[in-house]
Structures are given as C-alpha cells and as structure tokens.
Amino acid sequence: MLPPLQDLYRIAPEIVLGAFGMLVMFLAPIIPKSRHGVLSAISLVGAALALAATRFTALYPGAAYSGLFRADAFSLFVHLIVIGVAFLAILGSTNYLKREDLDAGEFCALILFATAGMGVMAGAQELLTGFIGLEMSSIASYILASYRREAPKSNEAAMKYFLLGSFATAFFLYGIALVYGATGTTHLDLMGQAGAQTSATLLKMGLGLIFVGLAFKVAAAPFQLWTPDVYEGAPAPVTAMLSTGPKAAAFALALRILANVDAAGPLWFWALWAVAVMSMFAGNLGAIVQTNLKRMLAYSSIAHAGYILVALAAAAATDHPEAGIAAALFYLVSYALVKLGAFLIVAHLGGVGERNVEIEDFTGLARRQPAMAACLSLFLLSLLGLPVLAGFLGKFYVFNAALESNLIWLAILLALNSVIGAYYYLRVMVAMYMREPSKPIATEPVPWTLAVVLWITAAGTIYAGLFPTRIIGFAAKAAVNMR
Amino acid sequence: MQQTFILTVLTFLPVAGTLALLLLRSDDHLWIRRLALITAVAEFAISLLLLRGFEAGATGYQFEEFRAWIPQPPIHYHLGVDGLSLFLVLLTTLLTPLSILASWKSIDQRAKGFFISLLVLETGVIGVFVSLDLFLFFLFWEVMLIPMYFLIGIWGHERRIYAALKFVLYTMFGSILMLVAILWLYRITATAGYPTFDVAQIQMMLSNGTLTMPLRTEMLLFGAFFLAFAIKVPLFPLHTWLPDAHTEAPTAGSVMLAGVLLKMGTYGMLRFCLPLFPEASRRFAPEIAVLAIIGIIYGALVAMVQVDLKRLVAYSSVSHLGFVVLGIFAFHAISIQGAVYQMLSHGISTGALFLGVGMLYDRRHTHLIKEFGGLATPMPVIAALYLFACFASAGLPMLNGFVGEFLILAGTFQKHAAWASWAALGVIFSAVYLLWSYQRVFFGSITQDKNGALPDADWRERGILFLMAAVILWMGIGSTFITRRTEAATQTIMQLMQRPRAYDAGGSNNMDHPAMPVNGANAAASGGVANLVNSK
C-alpha cells in the first residue's frame, strides 16, 4: 500500500537526498577513480534538487504519515540550512578529496545520507522518528569523521565521536522510553495535551534524558568533551559539515520539543540556563589557550552553542517562545555560513595532510594570500559579532529575545563572553596581518569550487548582516506555527 | 529638508573611496596616496557645505534623513546633525586629510591597506556622530574599531600588537554592555507601546512622560552607557589603554585617536547619558566629577614625568578630557558649552602636537625626549609651530584651548566652586609639562650630533602645521562662530534634563537635587557665552 501522495511531497527532500545517495554509491565502483569529480557533480545536483524539493514541503504543509513527520515553515527553514550546508560542503571539498587522495563517492553519499537524517530531525513530530533521523545523521558522521583512514587523529576522532555519540543516543532513547511510559505516546503534539495529567516524575526524567542526549549532539558543556578532539581530527571539510548541519538539526529537534511539550519549558529552563552559561565559558576559555586553529574553532563552536542555548532559554522562559525560536534560527543561519567558510579555508590552507593548521602557520597570510586572509577575517569577525556581519545580528536577536524574557543576567554573561571571544578571534587576525611568517609555506592556488563556496558564504554573511529582513521574517514565521 | 542626501554622502564617501583604492595596484603608492587624499579633501569640502547650510540657533536636528531599514525590531536609517555633532563631523573631515598628508612618506609598507583603514575609520566616526538611531549608532561605534585595530597593529611601533589588542578589548568590553542597555531601553519603549531605537523619539517620549522607567533601571542603563563612553574618553581609572594605544600607533592613528575617537565618548555622554537618564546623571555626577578631577591632575602629573614625548602628549589627553567630563557633569549651560568647545579644541591642538611629534619621529625614529635637545636650531619652523600648539594645549589666551577651559571652569565654578578650584590645578600643570618638555626638546644647545643636521619642515609639513596653527588661532579669537551654533544643542540637552516626570522613588527626591534654573541659566548662556568670549 502506497502512502498518500501528499505525504511523499512532504518528505520530498529526504527522498531526493536518499535516492541520490544510493545512486552515487551505485556509480562509485563503476566510475574510475580518476573521474570521481563526476560523483561530486552528481551529488551536487542531488543536493540542489533536494533544495528545490523543499518547495513541495512548502506547498503541502501539514502532518505526514499519521503525524510522524511534519512539513511547516519551521522544518522548511531547517531543511534549507542543512541541505544548503551539504551543498556547500560537497562543493568546497572536491579539491580537498583530490588532494588527500580520498574516495569522493562514499564521501558524497555519506554527506547526502547524513543530510537526509538531519532533514528527518527537522521535520520529526514524533520522538522515534526524531531518533531515526538522529541515528541516520550520526552514523554517517561517524564514518565521515574517520574518512582520512591513514591519519591516526582521524581514527581517534571517529572512535571518540562514535563512543560518546552512542552514549548520547542511548540517553536519548531511554528518555523516549520514559516519556512514553509517562504519557503513553511518542507523538509530540499529543504529548503537549497529555502533559498535564501524566505521571510527572517519569515525564521529567524522560525529558531530562532527552535533553542530555541533545546537549551531546549540539556540543554543549558539560557534554562537550568530545568536540575539540573530533573537530580537530576529522577531515576539515567534514568538520565544516559536522559543526553546522547536525547542530542545526539537533537544535531544531530541541526547539520542536520545546514548542510542543508544555512540560518541557519550565523543566528545561534552568537546565538551558546553566548549560548555556557553562558552554559559553567552557568554549571561550578553552579557545583562548589553543594553538591549533581547528581546535580553536572547535572550542568556539562550543561557545556558540552556548549563545544559541541562550535563545532557547529565552524561548523556554515564556509562554511566547517565538522571539527566542526566531533568534535561534537566525543565529543558526549566520553561524552555519561562517563556520562552513572558516573550516573550508582551514581545509585548503592546511595543505596536504592538514599539516599547517597551527595558528603559527597563518602568520603573514595577509601578504601571501590577501584574499584568503580577508575572507577568514570576515568570518572571524562575524563569529566575534562585529556589526554589518551576520554574527552581530545573530547575537543582537539573541540579546533581544533574552531581554524580552527578562533574562538580564544571561544577557550580561553572553556580553562578557563576547569580549572573551574577541580576544582569540583577534589573535588569529594578529597572526595573519601583523606578524611575519614563521616558516616558508607554499601557497596553493584557490580552486574555483572553493572560491565559489567562499563567495557564497562571505556574501551571505554580509547580506544577512546588512539586510536581515527576509531571513528574520522567515524565521519569525517559522517560529509561530510549530504545533 | 532640502539636501536630504548630504549626510549619507558624507558618511559613505570615504568607503566609496576605499572601493576605488581597491582597484589600484598595491605597489602604486603614489596614486594610492593621491586618491586617498582626493577623497578626504572632497569629503572636507562636502562637510563645508554642511556648515554653510547649517542654520545657527535652530533647535532640533538638521539635514535629517529617515528611512526604514529593518522592520523587526524597528530599526531606521536615521541621520541628522545638530550643533553638537556638526563640528565634530567637521573636525573629523579636517583631521583625516591632514593625517593622510602626515603619512605621505612615513607609510611605505602596505600603503593600500593603511589608507583604506584610515578612510573606513573616517566613515565609522562620522557615522557615529550623525546617527540618530541607537542601533545605527552602535553599528558605527563597533565598526570603527577594526580599522583602528589595523592601524595600530600593522603600522604601529614595537609593542603595537599588545596595544592594538588592549585598545579593542577595552572598548568592546564597554560597548557590548552598552548593546545590552540599548536593547533593554528598546524593551522599555516596547512595553510602553512605542517600540523604537530612535534617539529623537525616545527623548521626546521621555520628556512628555510617555515613557517612564524606575530609578534603578535608569541607573543601571546609565551605568552601561556611561561605562562604554568613559572607557572611550577615557576617564580615570579606565584610561590605561590610552597611553599604549597612542604611543604605539602611527602618527595618523594617534591624530585620529586623540582628535576624534576620544570625542566619541564625550559626545555619547552629551547625546545619550544626559538627555536619556537625567536623574541617574545627577546622582552619579559627584562621583564622576571626582574621577574627572583625579584624571585632570593625575594625567598632568604623569605627563610631567614621561620620558617619551608621545606618551607625554597621550597623558595630556587624559588630563584635558577630564576637563570635558567635568564640564559636562557640572550641568551648567556655560560649562557644557565649554565642554563642547574643549572637545573641538583638544582635537585640534592635540592633533597638532601629535603631528609635530610624528615629524620628529620621521626624522629620528624615536620619541624619547633625551634623544632630542636644541632642535630649534636645525628646524626653526617646526619648533615655532610646535610651540604654538603647546601654547594652545596649555590654554594660552587668544588660542583655542583657553576658550574651552575657561568656559568649563567658569561654568563649573558657579555651581561647584571646589570642583573648579581643584581642576584649575590642571591648567597650571599643563603649562608645566608642555613647556618643560618643549624646553628639553627644542631649546638649549644640540645635545646629539646627529640632531644638528636634521632637515626642517618641507612644504608638505609646513602646510600641515600652518593650517593647524591657523585653525588654532581662529578658534581662539573667532569662537563665537562656533558657540553660536552649538548653543541650541546644549540648551536642548539642558532642557531635556528638566523633564517633568514622576520617579518611582518619589517626587521628594527632586528636593535633594533642586531643579536648575534652566531659563536663567540659558539666558546666561545665550548672552553669557558671547560676552565671556568677547570680553576676554
């Protein structure tokens, strides 16, 4: 029995991603390795078609598969982020794969599968569906993290990621079981209504465990310990994807639960508050002492997860979570653009085997490759939250949401952390612009694929910083009808 | 509202210039310099148009531009100038071409980036002065940090990286808290039913009582704004970034830093702290005044013992800006007029001093006083004009420094004689450290052989110094030209501080701080300032 056609439309992006993933897997053994560029191209077409397919989800909003999945403005927004990330990550990594002599077929297929999983998470209206999405994206990510098979660090990263990630999913699954025990359903929309008259302790424990599982996935302290090692060890384009897409999807799932389950807001609020503060400090203080740029950016990811959690706390604190949700969504866009660009630049400048990823190796970059230095500076300044760039408005909206929910202390702590963050971002700029190169490093020309990605991310960062109206308008629309 | 684009043009012309600069080859230093100079001079010419069109004595903002920008939250592209910002804009447009000229020869490395930074800086600073939307203001306020960071960090002296980082982190610390305060203020306006970031509108709502806030909130908001501005000024004890930044910055950086960037702090106090949070301003005024006076005396004393000429001038800024803060927080019409005047005159005279020090540095590559001595013999022109700037900075009558300091002290004295008496010490000290340093550098016999053959100012340097000297003299004797135009703005500030409103703490508090005789004070200001200036 075939599902109704509308239901298929509502998961059209996932279907396209899955189909292209399989197609690439199928073609990979047939096409000789020297022509693996074709596979990247096919995957790009797949990602582009998936982007186009999101149009179907917009045309046919509503619940699919008896309420397991939901196509609405919110899921559309997150779909656009994660599929956009996949597109740019594939495009930006083509040259990297060639340089490192890695197999493009599996790489692209895994990214497509992972993205399909993230899409499921974005639209999940039922916890087990969310879990399946989480597993789809996680398992593909574990393999991607180990993609540089020869490099011990890459293996270490994958192992750590796998072990800790498995723990996290176990927590998540156990949480689902408890919540099911308490409410008799795994459907978020039904849970919202049932929440009041159910066994409170079980529900609280379940939601608590779910929170822990998701906090692992977004790399929030105190569940962040895997992040620096994994982000450092994984191939840089994979890190670019890992630090943006899955994070957006996990935040999406958390937001969906927050918006649907009435019990989650009050229960999660203090947890969000505390985890946000811990993440900001753990990330920023950790980043200060790093000498490896990849690792520094990993710590900065933890800090940024903290900033987004401030928006979630703002959403959890009130009955009108729209401002907080919209702020989180906008932040995810600005953050994804910047982190993608930054990690892809690191992937390129790292050279064969990613040997030159110490901050020391970036000294004098402004003279060697002024365009790359300017681009990386742009991304760093956006992470720092400098006006005219997307990162500033992201923070601005988070501040606004926090103050709207009267979380003044949280806003002030965020402010202080921004200043701590400024120190280490500027330190990289010091190396690039103000110091002489410590050792001679050959400059490789920037391949056009990477150039395109960097143009898109840099232009997007400036556009979102100067004219945020459309994006924030869309995010606000996405935030209204989540249940 | 005829010339509705002039402020936009004025703000973004330098950026347009940088785009043109980007097209030039980076080793084409001559044309990079020329293009930068042309942009800056054109900018100055446009700002003169602004001056010509400015209607003296009119209250409110002129040349306003208002366009919707971001609908949610409602942020507008709202520009406008009044007497307060007009001359600060002019100061910026005047000092920028001079800074470019001063860097004509000394910047031979990565010139393109240097002039781009300088022009972007100009845009940022002008944007700060003409923005009437808090969001827009903050945007320019932050953007301006990055070019300054590059100017100090790339083209500075030995400890440039340390100084640049210190400068940026200090400023950011203050400004990020100001951002929280801005948003908090926005939440208050939203709660009142009129969500806005518009300064003019918030001022209006505060003065007609549409918008009220509890005293505690007002004090916290004042604190956040004031901290950002006090770091920028810098007010003692937040001044420690300044000597480093000044000393390590290249000449152009120091000129812009001392000339206009510090004024952004005092401008912010006048534009935001006083009109938006009058009660908090009054309550904190004694503490702030004490800090200002400490700054005046401490800055002067520390300047006296400096062995580095540039650091000496930097500390003199701490002292002189203390006067400005004192004048602002004395809440007297005349002292505020004086503060505005002192902001401008400090920009000119300290700018001139830094330009002079930069010329010495270009010749000897040192700022240490002991390396100089008897320089008046090989370079009489620089010596003469540097002396002129010293006199101006020390507040010699007929020159610009005198007017500002005199008005500040005269105004302050009428309200708080003790404050004025202590601050007057600073005037004496400033003469001591400036003239003593001058004597050690320029007078006497030539102490080092290599100083004997130093060339005197060439045509470019003469042009710079004579222009500065002319402005110093003009501001000293033609001060009414400026005060007539700033008067309306200072009166508006005084009036906005007098708003009738019920504080939560109760109306009885106002008895502790008796309302100022606003009409009397203004009358004194109108006639008074002119009389005072003319009668000297």
# chains A, B, ... in the order shown; residues from 1 in each chain; ligands from 1
$ closest_atom_pairs --of "chain B" --to "chain A" --cutoff "7 Å" --atoms "only C-alpha atoms" --output "CSV"
residue,atom,partner,partner_atom,distance
B:Ile70,CA,A:Thr469,CA,5.7
B:Pro71,CA,A:Thr469,CA,6.7
B:Leu139,CA,A:Pro387,CA,5.3
B:Glu142,CA,A:Pro387,CA,6.5
B:Val143,CA,A:Pro387,CA,6.2
B:Gly153,CA,A:Met434,CA,6.1
B:Ile154,CA,A:Met434,CA,5.0
B:Leu169,CA,A:Val419,CA,6.6
B:Met172,CA,A:Val419,CA,6.3
B:Phe173,CA,A:Val419,CA,5.8
B:Ile176,CA,A:Ala415,CA,5.7
B:Leu177,CA,A:Ala415,CA,6.3
B:Val180,CA,A:Phe399,CA,6.9
B:Leu183,CA,A:Asn400,CA,6.1
B:Trp184,CA,A:Leu403,CA,6.5
B:Arg187,CA,A:Glu404,CA,6.7
$ write_last_selection --atoms "C-alpha atoms" --output "PDB file, in the first residue's frame"
ATOM      1  CA  ILE B  70      14.918  46.531   9.450  1.00  0.00           C
ATOM      2  CA  PRO B  71      11.246  46.170  10.325  1.00  0.00           C
ATOM      3  CA  LEU B 139      26.906  49.720  14.442  1.00  0.00           C
ATOM      4  CA  GLU B 142      31.789  48.972  16.660  1.00  0.00           C
ATOM      5  CA  VAL B 143      32.766  49.009  13.012  1.00  0.00           C
ATOM      6  CA  GLY B 153      48.521  46.700  14.937  1.00  0.00           C
ATOM      7  CA  ILE B 154      50.097  46.767  11.487  1.00  0.00           C
ATOM      8  CA  LEU B 169      39.232  44.616  24.116  1.00  0.00           C
ATOM      9  CA  MET B 172      34.500  46.119  23.291  1.00  0.00           C
ATOM     10  CA  PHE B 173      34.010  45.389  26.919  1.00  0.00           C
ATOM     11  CA  ILE B 176      28.897  45.189  24.476  1.00  0.00           C
ATOM     12  CA  LEU B 177      27.324  46.163  27.774  1.00  0.00           C
ATOM     13  CA  VAL B 180      22.584  45.156  26.255  1.00  0.00           C
ATOM     14  CA  LEU B 183      18.187  46.568  23.872  1.00  0.00           C
ATOM     15  CA  TRP B 184      16.910  46.973  27.387  1.00  0.00           C
ATOM     16  CA  ARG B 187      12.269  46.714  25.615  1.00  0.00           C
TER      17      ARG B 187
END
$ closest_residue --among "A:Ala19, A:Ala168, A:Ile441, A:Leu127" --to "Gly364 in chain A" --atoms "only C-alpha atoms"
A:Ile441
$ residues_around --residues "range 38-50 of chain A" --least-positions-apart "3" --cutoff "6 Å" --atoms "only C-alpha atoms" --output "PyMOL selection string"
chain A and resi 13+16+20+53+87+105
$ residues_around --residues "Gln62 in chain B" --least-positions-apart "6" --cutoff "9 Å" --atoms "only C-alpha atoms" --output "ChimeraX atom specification"
/B:1,54-55,79-82
$ select_by_dssp --residues "range 25-57 of chain A" --states "helix (DSSP H, G or I)" --output "number ranges by chain"
A: 25-27, 33-35, 37-57
$ write_last_selection --atoms "C-alpha atoms" --output "mmCIF file, in the first residue's frame"
data_model
loop_
_atom_site.group_PDB
_atom_site.id
_atom_site.type_symbol
_atom_site.label_atom_id
_atom_site.label_comp_id
_atom_site.auth_asym_id
_atom_site.auth_seq_id
_atom_site.Cartn_x
_atom_site.Cartn_y
_atom_site.Cartn_z
ATOM 1 C CA MET A 25 27.053 4.597 -4.065
ATOM 2 C CA PHE A 26 25.999 2.560 -7.033
ATOM 3 C CA LEU A 27 28.075 4.532 -9.507
ATOM 4 C CA LYS A 33 38.817 6.881 -9.520
ATOM 5 C CA SER A 34 40.432 9.435 -11.783
ATOM 6 C CA ARG A 35 36.994 10.665 -12.789
ATOM 7 C CA GLY A 37 34.708 14.524 -9.942
ATOM 8 C CA VAL A 38 31.625 13.261 -11.707
ATOM 9 C CA LEU A 39 30.355 11.792 -8.456
ATOM 10 C CA SER A 40 30.759 15.095 -6.688
ATOM 11 C CA ALA A 41 28.888 16.728 -9.519
ATOM 12 C CA ILE A 42 26.056 14.213 -9.272
ATOM 13 C CA SER A 43 25.851 14.746 -5.514
ATOM 14 C CA LEU A 44 25.745 18.478 -6.053
ATOM 15 C CA VAL A 45 22.860 18.020 -8.443
ATOM 16 C CA GLY A 46 21.212 15.866 -5.804
ATOM 17 C CA ALA A 47 21.636 18.492 -3.119
ATOM 18 C CA ALA A 48 20.394 21.196 -5.476
ATOM 19 C CA LEU A 49 17.365 19.108 -6.379
ATOM 20 C CA ALA A 50 16.713 18.479 -2.704
ATOM 21 C CA LEU A 51 16.822 22.220 -2.158
ATOM 22 C CA ALA A 52 14.326 22.597 -4.949
ATOM 23 C CA ALA A 53 12.221 19.786 -3.483
ATOM 24 C CA THR A 54 11.747 21.769 -0.283
ATOM 25 C CA ARG A 55 9.333 23.756 -2.398
ATOM 26 C CA PHE A 56 6.981 20.760 -2.230
ATOM 27 C CA THR A 57 7.063 20.786 1.546
#
$ decode --residues "range 286-329 of chain B" --atoms "N, CA and C atoms" --output "JSON list (two decimals), in the first residue's frame"
[["chain", "number", "residue", "atom", "x", "y", "z"],
["B", 286, "PRO", "N", 28.50, 63.67, 41.24],
["B", 286, "PRO", "CA", 29.64, 63.95, 42.14],
["B", 286, "PRO", "C", 30.76, 62.94, 41.97],
["B", 287, "GLU", "N", 30.41, 61.66, 41.90],
["B", 287, "GLU", "CA", 31.45, 60.63, 41.75],
["B", 287, "GLU", "C", 32.20, 60.83, 40.43],
["B", 288, "ILE", "N", 31.43, 61.10, 39.38],
["B", 288, "ILE", "CA", 32.07, 61.26, 38.07],
["B", 288, "ILE", "C", 32.97, 62.49, 38.08],
["B", 289, "ALA", "N", 32.49, 63.55, 38.71],
["B", 289, "ALA", "CA", 33.30, 64.76, 38.75],
["B", 289, "ALA", "C", 34.60, 64.50, 39.49],
["B", 290, "VAL", "N", 34.52, 63.74, 40.57],
["B", 290, "VAL", "CA", 35.74, 63.45, 41.32],
["B", 290, "VAL", "C", 36.72, 62.67, 40.43],
["B", 291, "LEU", "N", 36.19, 61.67, 39.72],
["B", 291, "LEU", "CA", 37.06, 60.91, 38.81],
["B", 291, "LEU", "C", 37.65, 61.83, 37.75],
["B", 292, "ALA", "N", 36.83, 62.74, 37.25],
["B", 292, "ALA", "CA", 37.32, 63.65, 36.22],
["B", 292, "ALA", "C", 38.44, 64.51, 36.77],
["B", 293, "ILE", "N", 38.26, 65.00, 37.99],
["B", 293, "ILE", "CA", 39.29, 65.87, 38.58],
["B", 293, "ILE", "C", 40.56, 65.06, 38.85],
["B", 294, "ILE", "N", 40.37, 63.84, 39.36],
["B", 294, "ILE", "CA", 41.55, 62.99, 39.54],
["B", 294, "ILE", "C", 42.26, 62.81, 38.20],
["B", 295, "GLY", "N", 41.45, 62.58, 37.16],
["B", 295, "GLY", "CA", 42.03, 62.40, 35.83],
["B", 295, "GLY", "C", 42.80, 63.64, 35.39],
["B", 296, "ILE", "N", 42.23, 64.80, 35.66],
["B", 296, "ILE", "CA", 42.90, 66.04, 35.25],
["B", 296, "ILE", "C", 44.27, 66.14, 35.91],
["B", 297, "ILE", "N", 44.27, 65.94, 37.22],
["B", 297, "ILE", "CA", 45.51, 66.15, 37.96],
["B", 297, "ILE", "C", 46.48, 64.99, 37.74],
["B", 298, "TYR", "N", 45.93, 63.79, 37.81],
["B", 298, "TYR", "CA", 46.78, 62.60, 37.64],
["B", 298, "TYR", "C", 47.40, 62.59, 36.24],
["B", 299, "GLY", "N", 46.56, 62.85, 35.24],
["B", 299, "GLY", "CA", 47.06, 62.87, 33.87],
["B", 299, "GLY", "C", 48.20, 63.87, 33.72],
["B", 300, "ALA", "N", 47.99, 65.03, 34.32],
["B", 300, "ALA", "CA", 49.01, 66.07, 34.19],
["B", 300, "ALA", "C", 50.29, 65.67, 34.91],
["B", 301, "LEU", "N", 50.14, 65.12, 36.12],
["B", 301, "LEU", "CA", 51.34, 64.74, 36.88],
["B", 301, "LEU", "C", 52.11, 63.63, 36.18],
["B", 302, "VAL", "N", 51.37, 62.66, 35.66],
["B", 302, "VAL", "CA", 52.05, 61.56, 34.98],
["B", 302, "VAL", "C", 52.70, 62.06, 33.69],
["B", 303, "ALA", "N", 52.02, 62.98, 33.02],
["B", 303, "ALA", "CA", 52.60, 63.54, 31.80],
["B", 303, "ALA", "C", 53.94, 64.20, 32.11],
["B", 304, "MET", "N", 54.01, 64.83, 33.28],
["B", 304, "MET", "CA", 55.21, 65.57, 33.65],
["B", 304, "MET", "C", 56.44, 64.68, 33.72],
["B", 305, "VAL", "N", 56.24, 63.43, 34.13],
["B", 305, "VAL", "CA", 57.42, 62.58, 34.35],
["B", 305, "VAL", "C", 57.70, 61.64, 33.18],
["B", 306, "GLN", "N", 57.01, 61.82, 32.07],
["B", 306, "GLN", "CA", 57.24, 60.91, 30.95],
["B", 306, "GLN", "C", 58.60, 61.19, 30.30],
["B", 307, "VAL", "N", 59.23, 60.13, 29.86],
["B", 307, "VAL", "CA", 60.49, 60.31, 29.14],
["B", 307, "VAL", "C", 60.23, 60.21, 27.64],
["B", 308, "ASP", "N", 59.01, 59.80, 27.29],
["B", 308, "ASP", "CA", 58.65, 59.59, 25.90],
["B", 308, "ASP", "C", 57.70, 60.71, 25.51],
["B", 309, "LEU", "N", 58.06, 61.47, 24.47],
["B", 309, "LEU", "CA", 57.30, 62.67, 24.13],
["B", 309, "LEU", "C", 55.87, 62.33, 23.74],
["B", 310, "LYS", "N", 55.71, 61.22, 23.04],
["B", 310, "LYS", "CA", 54.38, 60.87, 22.57],
["B", 310, "LYS", "C", 53.49, 60.43, 23.73],
["B", 311, "ARG", "N", 54.12, 59.72, 24.65],
["B", 311, "ARG", "CA", 53.37, 59.30, 25.83],
["B", 311, "ARG", "C", 52.96, 60.50, 26.66],
["B", 312, "LEU", "N", 53.81, 61.51, 26.65],
["B", 312, "LEU", "CA", 53.50, 62.74, 27.37],
["B", 312, "LEU", "C", 52.24, 63.37, 26.78],
["B", 313, "VAL", "N", 52.21, 63.47, 25.47],
["B", 313, "VAL", "CA", 51.03, 64.06, 24.84],
["B", 313, "VAL", "C", 49.80, 63.20, 25.12],
["B", 314, "ALA", "N", 50.01, 61.87, 25.14],
["B", 314, "ALA", "CA", 48.89, 60.97, 25.41],
["B", 314, "ALA", "C", 48.31, 61.24, 26.80],
["B", 315, "TYR", "N", 49.19, 61.35, 27.79],
["B", 315, "TYR", "CA", 48.68, 61.61, 29.13],
["B", 315, "TYR", "C", 48.04, 62.99, 29.23],
["B", 316, "SER", "N", 48.54, 63.93, 28.43],
["B", 316, "SER", "CA", 47.91, 65.24, 28.45],
["B", 316, "SER", "C", 46.47, 65.13, 27.98],
["B", 317, "SER", "N", 46.20, 64.15, 27.11],
["B", 317, "SER", "CA", 44.82, 63.95, 26.67],
["B", 317, "SER", "C", 43.94, 63.52, 27.83],
["B", 318, "VAL", "N", 44.48, 62.61, 28.67],
["B", 318, "VAL", "CA", 43.70, 62.17, 29.83],
["B", 318, "VAL", "C", 43.32, 63.40, 30.65],
["B", 319, "SER", "N", 44.28, 64.28, 30.82],
["B", 319, "SER", "CA", 44.04, 65.47, 31.62],
["B", 319, "SER", "C", 43.00, 66.38, 30.96],
["B", 320, "HIS", "N", 43.18, 66.63, 29.68],
["B", 320, "HIS", "CA", 42.28, 67.56, 29.00],
["B", 320, "HIS", "C", 40.87, 67.02, 28.87],
["B", 321, "LEU", "N", 40.76, 65.72, 28.64],
["B", 321, "LEU", "CA", 39.42, 65.15, 28.52],
["B", 321, "LEU", "C", 38.74, 65.13, 29.88],
["B", 322, "GLY", "N", 39.53, 65.10, 30.94],
["B", 322, "GLY", "CA", 38.93, 65.22, 32.27],
["B", 322, "GLY", "C", 38.16, 66.52, 32.39],
["B", 323, "PHE", "N", 38.73, 67.60, 31.84],
["B", 323, "PHE", "CA", 38.03, 68.88, 31.83],
["B", 323, "PHE", "C", 36.67, 68.75, 31.14],
["B", 324, "VAL", "N", 36.68, 68.07, 30.02],
["B", 324, "VAL", "CA", 35.43, 67.95, 29.26],
["B", 324, "VAL", "C", 34.37, 67.25, 30.10],
["B", 325, "VAL", "N", 34.78, 66.12, 30.71],
["B", 325, "VAL", "CA", 33.81, 65.36, 31.51],
["B", 325, "VAL", "C", 33.33, 66.21, 32.69],
["B", 326, "LEU", "N", 34.25, 66.93, 33.29],
["B", 326, "LEU", "CA", 33.86, 67.79, 34.41],
["B", 326, "LEU", "C", 32.84, 68.83, 33.95],
["B", 327, "GLY", "N", 33.12, 69.43, 32.80],
["B", 327, "GLY", "CA", 32.21, 70.45, 32.30],
["B", 327, "GLY", "C", 30.83, 69.88, 32.02],
["B", 328, "ILE", "N", 30.80, 68.65, 31.50],
["B", 328, "ILE", "CA", 29.50, 68.04, 31.19],
["B", 328, "ILE", "C", 28.73, 67.79, 32.48],
["B", 329, "PHE", "N", 29.41, 67.22, 33.48],
["B", 329, "PHE", "CA", 28.68, 66.80, 34.66],
["B", 329, "PHE", "C", 28.56, 67.90, 35.71]]
